[in-house]
>>> print(open('structure.tsv').read())   # TSV, C-alpha atoms
chain	number	residue	atom	x	y	z
A	1	MET	CA	179.67	-197.71	54.63
A	2	ILE	CA	176.86	-197.89	57.19
A	3	LYS	CA	176.83	-196.59	60.72
A	4	ASP	CA	177.59	-199.13	63.40
A	5	PRO	CA	174.10	-199.10	65.01
A	6	LEU	CA	172.69	-200.31	61.70
A	7	LYS	CA	174.69	-203.49	61.93
A	8	LYS	CA	171.66	-204.81	63.82
A	9	LEU	CA	169.69	-204.63	60.57
A	10	ILE	CA	171.87	-207.34	59.05
A	11	LYS	CA	170.40	-210.67	60.07
A	12	PRO	CA	172.56	-213.79	60.51
A	13	PRO	CA	172.43	-216.61	57.96
A	14	GLY	CA	169.37	-218.82	58.23
A	15	PHE	CA	167.27	-216.13	59.90
A	16	LYS	CA	163.66	-216.37	58.71
A	17	GLU	CA	161.60	-213.23	58.13
A	18	ASN	CA	158.47	-212.36	56.20
A	19	SER	CA	158.13	-209.85	53.36
A	20	ASP	CA	157.10	-206.98	55.66
A	21	GLU	CA	160.15	-207.48	57.86
A	22	ILE	CA	162.41	-207.65	54.81
A	23	GLU	CA	160.93	-204.43	53.44
A	24	THR	CA	161.30	-202.60	56.76
A	25	ARG	CA	164.86	-203.79	57.27
A	26	ARG	CA	166.05	-202.95	53.77
A	27	TRP	CA	164.43	-199.52	53.77
A	28	GLY	CA	166.20	-198.90	57.07
A	29	ILE	CA	169.51	-199.79	55.43
A	30	ILE	CA	168.73	-197.60	52.41
A	31	HIS	CA	167.83	-194.52	54.45
A	32	LEU	CA	171.12	-194.65	56.38
A	33	PHE	CA	173.38	-195.96	53.63
A	34	LYS	CA	176.67	-194.13	53.20
A	35	PRO	CA	177.46	-192.44	50.85
A	36	ALA	CA	173.93	-191.14	50.41
A	37	SER	CA	174.53	-190.42	46.72
A	38	ASP	CA	174.55	-194.17	46.02
A	39	VAL	CA	170.91	-194.50	47.08
A	40	PHE	CA	169.65	-191.06	46.03
A	41	VAL	CA	167.34	-192.53	43.37
A	42	LEU	CA	165.82	-194.98	45.84
A	43	LYS	CA	165.05	-192.21	48.30
A	44	TYR	CA	163.84	-189.45	46.01
A	45	GLY	CA	163.15	-191.10	42.64
A	46	ALA	CA	159.40	-191.43	43.16
A	47	SER	CA	159.18	-187.79	44.28
A	48	ILE	CA	161.05	-186.64	41.17
A	49	LEU	CA	158.72	-188.60	38.90
A	50	SER	CA	155.67	-187.15	40.65
A	51	SER	CA	157.12	-183.66	40.13
A	52	LEU	CA	157.35	-184.35	36.40
A	53	VAL	CA	153.68	-185.34	36.46
A	54	ALA	CA	152.86	-182.03	38.12
A	55	ILE	CA	154.75	-180.15	35.38
A	56	SER	CA	152.87	-181.88	32.57
A	57	GLY	CA	149.57	-181.44	34.40
A	58	MET	CA	150.26	-177.72	34.77
A	59	SER	CA	150.87	-177.44	31.03
A	60	PHE	CA	147.52	-179.04	30.20
A	61	HIS	CA	145.83	-176.99	32.90
A	62	ILE	CA	147.08	-173.71	31.41
A	63	HIS	CA	146.15	-174.78	27.88
A	64	TYR	CA	142.49	-175.47	28.64
A	65	ARG	CA	142.06	-172.43	30.87
A	66	LYS	CA	143.58	-170.17	28.24
A	67	PHE	CA	141.27	-171.50	25.52
A	68	LEU	CA	138.16	-171.12	27.68
A	69	LYS	CA	139.26	-167.66	28.90
A	70	LEU	CA	138.86	-168.56	32.54
A	71	GLY	CA	141.47	-166.15	33.86
A	72	ARG	CA	141.58	-166.51	37.65
A	73	ILE	CA	138.21	-168.21	37.93
A	74	GLY	CA	138.61	-171.50	39.80
A	75	PHE	CA	142.37	-171.72	39.35
A	76	ILE	CA	143.10	-173.34	42.72
A	77	SER	CA	140.05	-175.60	42.68
A	78	GLY	CA	140.97	-176.74	39.17
A	79	ALA	CA	144.59	-177.37	40.10
A	80	LEU	CA	143.72	-179.84	42.85
A	81	PRO	CA	142.19	-182.61	40.66
A	82	SER	CA	144.28	-181.90	37.57
A	83	ILE	CA	147.76	-181.34	39.02
A	84	LEU	CA	148.09	-182.35	42.66
A	85	LEU	CA	145.96	-185.49	42.60
A	86	PRO	CA	147.66	-187.16	39.57
A	87	SER	CA	151.06	-186.18	40.94
A	88	ALA	CA	150.40	-187.67	44.37
A	89	MET	CA	148.83	-190.85	42.97
A	90	THR	CA	151.72	-191.38	40.54
A	91	GLY	CA	154.29	-191.01	43.31
A	92	LEU	CA	152.46	-193.49	45.53
A	93	MET	CA	152.05	-196.00	42.70
A	94	GLN	CA	155.73	-195.75	41.76
A	95	TYR	CA	156.63	-196.40	45.38
A	96	HIS	CA	154.28	-199.34	45.96
A	97	PHE	CA	154.37	-201.05	42.55
A	98	VAL	CA	157.96	-200.39	41.48
A	99	LEU	CA	160.23	-199.52	44.39
A	100	THR	CA	158.75	-201.84	47.00
A	101	PRO	CA	158.95	-205.00	44.82
A	102	LEU	CA	162.47	-204.03	43.77
A	103	VAL	CA	163.56	-203.68	47.38
A	104	THR	CA	161.73	-206.78	48.65
A	105	ILE	CA	162.20	-209.24	45.79
A	106	GLN	CA	165.87	-209.89	45.27
A	107	SER	CA	165.79	-213.12	43.29
A	108	ALA	CA	164.22	-213.51	39.84
A	109	MET	CA	164.23	-209.76	39.28
A	110	CYS	CA	163.48	-208.58	35.73
A	111	PRO	CA	164.52	-204.92	35.24
A	112	THR	CA	162.68	-204.72	31.91
A	113	CYS	CA	159.40	-205.68	33.57
A	114	PHE	CA	159.82	-202.94	36.15
A	115	GLU	CA	160.76	-200.43	33.45
A	116	ILE	CA	157.56	-201.20	31.53
A	117	ARG	CA	155.50	-201.02	34.71
A	118	SER	CA	157.04	-197.71	35.73
A	119	ALA	CA	156.60	-196.23	32.24
A	120	CYS	CA	152.92	-197.24	32.12
A	121	ILE	CA	152.26	-195.69	35.52
A	122	GLN	CA	154.07	-192.53	34.52
A	123	VAL	CA	152.29	-192.09	31.18
A	124	VAL	CA	148.85	-192.76	32.65
A	125	GLY	CA	149.45	-190.45	35.61
A	126	GLY	CA	151.32	-187.76	33.69
A	127	VAL	CA	149.42	-187.60	30.39
A	128	LEU	CA	146.07	-189.39	30.31
A	129	ALA	CA	144.83	-188.47	33.77
A	130	PRO	CA	145.69	-184.74	33.51
A	131	ILE	CA	144.06	-184.47	30.07
A	132	LEU	CA	140.81	-186.01	31.28
A	133	THR	CA	140.61	-184.22	34.61
A	134	THR	CA	141.82	-180.84	33.36
A	135	SER	CA	139.45	-180.70	30.39
A	136	SER	CA	136.49	-181.79	32.50
A	137	VAL	CA	137.20	-179.32	35.29
A	138	ALA	CA	137.84	-176.48	32.83
A	139	LEU	CA	134.59	-177.11	30.95
A	140	PHE	CA	132.67	-177.31	34.21
A	141	THR	CA	134.21	-174.06	35.45
A	142	ALA	CA	133.54	-172.32	32.13
A	143	THR	CA	129.91	-173.44	32.23
A	144	ILE	CA	129.40	-172.08	35.74
A	145	GLY	CA	131.47	-168.92	35.30
A	146	ARG	CA	130.17	-168.22	31.78
A	147	SER	CA	133.59	-167.11	30.64
A	148	THR	CA	133.02	-168.28	27.07
A	149	ALA	CA	130.09	-169.21	24.86
A	150	MET	CA	129.33	-172.90	25.25
A	151	PRO	CA	127.41	-174.81	22.56
A	152	ARG	CA	124.02	-176.25	23.31
A	153	TRP	CA	123.80	-179.95	24.05
A	154	GLN	CA	121.46	-180.52	21.10
A	155	ASP	CA	123.92	-179.12	18.56
A	156	PHE	CA	126.12	-182.20	18.12
A	157	SER	CA	128.05	-180.95	15.08
A	158	TYR	CA	128.98	-177.71	16.81
A	159	TRP	CA	130.15	-179.70	19.85
A	160	LEU	CA	132.50	-181.72	17.64
A	161	LYS	CA	133.99	-178.54	16.19
A	162	PHE	CA	134.25	-177.00	19.66
A	163	TYR	CA	135.95	-180.10	21.06
A	164	LYS	CA	138.38	-180.16	18.14
A	165	ASP	CA	139.34	-176.54	18.72
A	166	LEU	CA	139.57	-177.16	22.46
A	167	ASN	CA	142.11	-179.96	22.01
A	168	LYS	CA	144.14	-178.26	19.30
A	169	GLY	CA	147.82	-178.82	20.09
A	170	ILE	CA	147.08	-181.39	22.79
A	171	PRO	CA	148.24	-184.47	20.77
A	172	ARG	CA	151.64	-182.88	20.20
A	173	LYS	CA	151.99	-182.04	23.88
A	174	ALA	CA	150.80	-185.51	24.86
A	175	ALA	CA	153.40	-187.15	22.61
A	176	TYR	CA	156.16	-184.93	23.97
A	177	PHE	CA	155.27	-185.56	27.59
A	178	SER	CA	154.81	-189.30	26.97
A	179	VAL	CA	158.35	-189.58	25.61
A	180	MET	CA	159.65	-187.52	28.52
A	181	HIS	CA	157.88	-189.67	31.12
A	182	MET	CA	158.96	-192.95	29.53
A	183	ALA	CA	162.58	-191.80	29.36
A	184	ALA	CA	162.44	-190.67	32.98
A	185	SER	CA	160.99	-194.03	34.03
A	186	LEU	CA	163.72	-195.97	32.23
A	187	VAL	CA	166.43	-193.86	33.84
A	188	PHE	CA	164.76	-194.18	37.23
A	189	VAL	CA	164.54	-197.98	37.16
A	190	SER	CA	168.05	-198.46	35.77
A	191	PHE	CA	169.63	-196.30	38.47
A	192	ALA	CA	167.42	-197.90	41.14
A	193	VAL	CA	168.66	-201.36	40.16
A	194	LYS	CA	172.28	-200.19	40.33
A	195	SER	CA	171.71	-198.65	43.75
A	196	LEU	CA	170.03	-201.80	45.03
A	197	ALA	CA	172.97	-203.86	43.79
A	198	LYS	CA	175.25	-201.88	46.11
A	199	VAL	CA	172.87	-202.38	49.03
A	200	TRP	CA	172.66	-206.11	48.38
A	201	ASP	CA	176.44	-206.40	48.04
A	202	TYR	CA	176.82	-204.83	51.45
A	203	GLU	CA	174.15	-207.08	52.91
A	204	HIS	CA	175.69	-210.23	51.44
A	205	GLY	CA	179.16	-209.21	52.60
A	206	SER	CA	177.90	-208.58	56.12
A	207	ARG	CA	176.11	-211.93	56.15
A	208	LYS	CA	179.31	-213.70	55.13
A	209	LEU	CA	181.19	-211.96	57.93
A	210	LEU	CA	178.53	-213.02	60.41
A	211	GLN	CA	178.64	-216.58	59.15
A	212	LYS	CA	182.42	-216.67	59.43
A	213	LYS	CA	182.22	-215.19	62.91
A	214	TYR	CA	179.73	-217.79	64.06
A	215	ARG	CA	181.80	-220.63	62.66
A	216	VAL	CA	184.92	-219.45	64.49
A	217	GLU	CA	183.36	-218.61	67.82
A	218	ALA	CA	181.01	-221.56	68.13
A	219	PRO	CA	183.66	-224.14	69.24
A	220	ASN	CA	185.02	-221.73	71.87
A	221	GLU	CA	181.71	-221.37	73.63
A	222	GLU	CA	181.32	-223.18	76.92
A	223	GLN	CA	179.39	-226.39	76.60
A	224	LYS	CA	176.36	-226.13	78.82
A	225	PRO	CA	175.04	-229.33	80.41
A	226	LEU	CA	171.95	-230.78	78.86
A	227	TYR	CA	170.27	-231.27	82.23
A	228	PRO	CA	171.72	-228.65	84.59
A	229	LEU	CA	169.68	-229.74	87.61
A	230	LEU	CA	170.92	-233.32	87.40
A	231	SER	CA	174.52	-232.25	86.93
A	232	GLN	CA	174.67	-230.22	90.12
A	233	THR	CA	176.25	-232.02	93.08
A	234	GLN	CA	174.74	-231.26	96.44
A	235	GLU	CA	176.48	-231.84	99.74
A	236	PRO	CA	174.49	-234.13	102.04
A	237	VAL	CA	173.07	-232.53	105.11
A	238	SER	CA	174.59	-233.77	108.36
A	239	GLY	CA	172.49	-236.37	110.09
A	240	GLN	CA	170.83	-237.55	106.89
A	241	ASN	CA	171.53	-240.67	104.94
A	242	ARG	CA	172.85	-240.22	101.42
A	243	PHE	CA	170.67	-243.04	100.12
>>> encode(input="structure.tsv", output="structure tokens")
Amino acid sequence: MIKDPLKKLIKPPGFKENSDEIETRRWGIIHLFKPASDVFVLKYGASILSSLVAISGMSFHIHYRKFLKLGRIGFISGALPSILLPSAMTGLMQYHFVLTPLVTIQSAMCPTCFEIRSACIQVVGGVLAPILTTSSVALFTATIGRSTAMPRWQDFSYWLKFYKDLNKGIPRKAAYFSVMHMAASLVFVSFAVKSLAKVWDYEHGSRKLLQKKYRVEAPNEEQKPLYPLLSQTQEPVSGQNRF
């Protein structure tokens, strides 16, 4: 299932390694695992989840810009903190807080704990962060560009009405995207655990083969002397006494 050069990644029984070495070795196995479809979620799952965050962020971005009548004013500058930044941060957090512990920690693994962790990261990065950043950036752009009439800071009641109209339809979108992100996280973790089970089965099988190989070949190895210098016999030089 794995190319022959990657047999070096399988360590013999009793080999001690730290967490960084385990992570590097297992990611090396995952990236060259055959068939590649068995580890597709491990390779590209975090990228897919970050793409979903970008989709939800784009929806919120369009909503606020449409309400404030911004048009093309600050579209790219508003997309950076409201779409690209939450998407990139969510992908990195899914990789470091979900995938890396799954790959490194083999024993005492709780899939439900990782599902909850992944869902929380996805909802925060795909719903809460885009709403806060997009609304703030859109209001700031509308204030500078003067695309719509903004209430005065002293008129608190008008600000409440304006904020209510600004966020009209947002709770429904937030609920929809929250369900979508949580479902995607559950599917992602469940398939990741199944893929890791195949990787671990291969690793355990290879370790057993190595252990069996060592047990068979060990008695056939030549027994080296404990003190090689003392075991060598030297011919006495002519004219010299042996004693």
>>> residues_around(input="structure.tsv", residues="range 110-125 of chain A", least_positions_apart="6", cutoff="8 Å", atoms="all atoms listed in the file", output="ChimeraX atom specification")
/A:49,53,86-87,89-90,93-94,97-98,178,181-183,185-186,189-190,193
>>> write_last_selection(input="structure.tsv", atoms="C-alpha atoms", output="PDB file, in the frame of the given file")
ATOM      1  CA  LEU A  49     158.720-188.600  38.900  1.00  0.00           C
ATOM      2  CA  VAL A  53     153.680-185.340  36.460  1.00  0.00           C
ATOM      3  CA  PRO A  86     147.660-187.160  39.570  1.00  0.00           C
ATOM      4  CA  SER A  87     151.060-186.180  40.940  1.00  0.00           C
ATOM      5  CA  MET A  89     148.830-190.850  42.970  1.00  0.00           C
ATOM      6  CA  THR A  90     151.720-191.380  40.540  1.00  0.00           C
ATOM      7  CA  MET A  93     152.050-196.000  42.700  1.00  0.00           C
ATOM      8  CA  GLN A  94     155.730-195.750  41.760  1.00  0.00           C
ATOM      9  CA  PHE A  97     154.370-201.050  42.550  1.00  0.00           C
ATOM     10  CA  VAL A  98     157.960-200.390  41.480  1.00  0.00           C
ATOM     11  CA  SER A 178     154.810-189.300  26.970  1.00  0.00           C
ATOM     12  CA  HIS A 181     157.880-189.670  31.120  1.00  0.00           C
ATOM     13  CA  MET A 182     158.960-192.950  29.530  1.00  0.00           C
ATOM     14  CA  ALA A 183     162.580-191.800  29.360  1.00  0.00           C
ATOM     15  CA  SER A 185     160.990-194.030  34.030  1.00  0.00           C
ATOM     16  CA  LEU A 186     163.720-195.970  32.230  1.00  0.00           C
ATOM     17  CA  VAL A 189     164.540-197.980  37.160  1.00  0.00           C
ATOM     18  CA  SER A 190     168.050-198.460  35.770  1.00  0.00           C
ATOM     19  CA  VAL A 193     168.660-201.360  40.160  1.00  0.00           C
TER      20      VAL A 193
END
>>> closest_residue(input="structure.tsv", among="A:Tyr158, A:Trp27, A:Tyr202, A:Tyr176", to="Pro101 in chain A", atoms="only C-alpha atoms")
A:Trp27
>>> atom_distance(input="structure.tsv", atom1="CA of Glu23 in chain A", atom2="CA of Lys43 in chain A")
13.9 Å
>>> atom_distance(input="structure.tsv", atom1="CA of Pro81 in chain A", atom2="CA of Thr134 in chain A")
7.5 Å
>>> closest_residue(input="structure.tsv", among="A:Leu92, A:Ala79, A:Ile73, A:Leu102", to="Ala46 in chain A", atoms="all atoms listed in the file")
A:Leu92
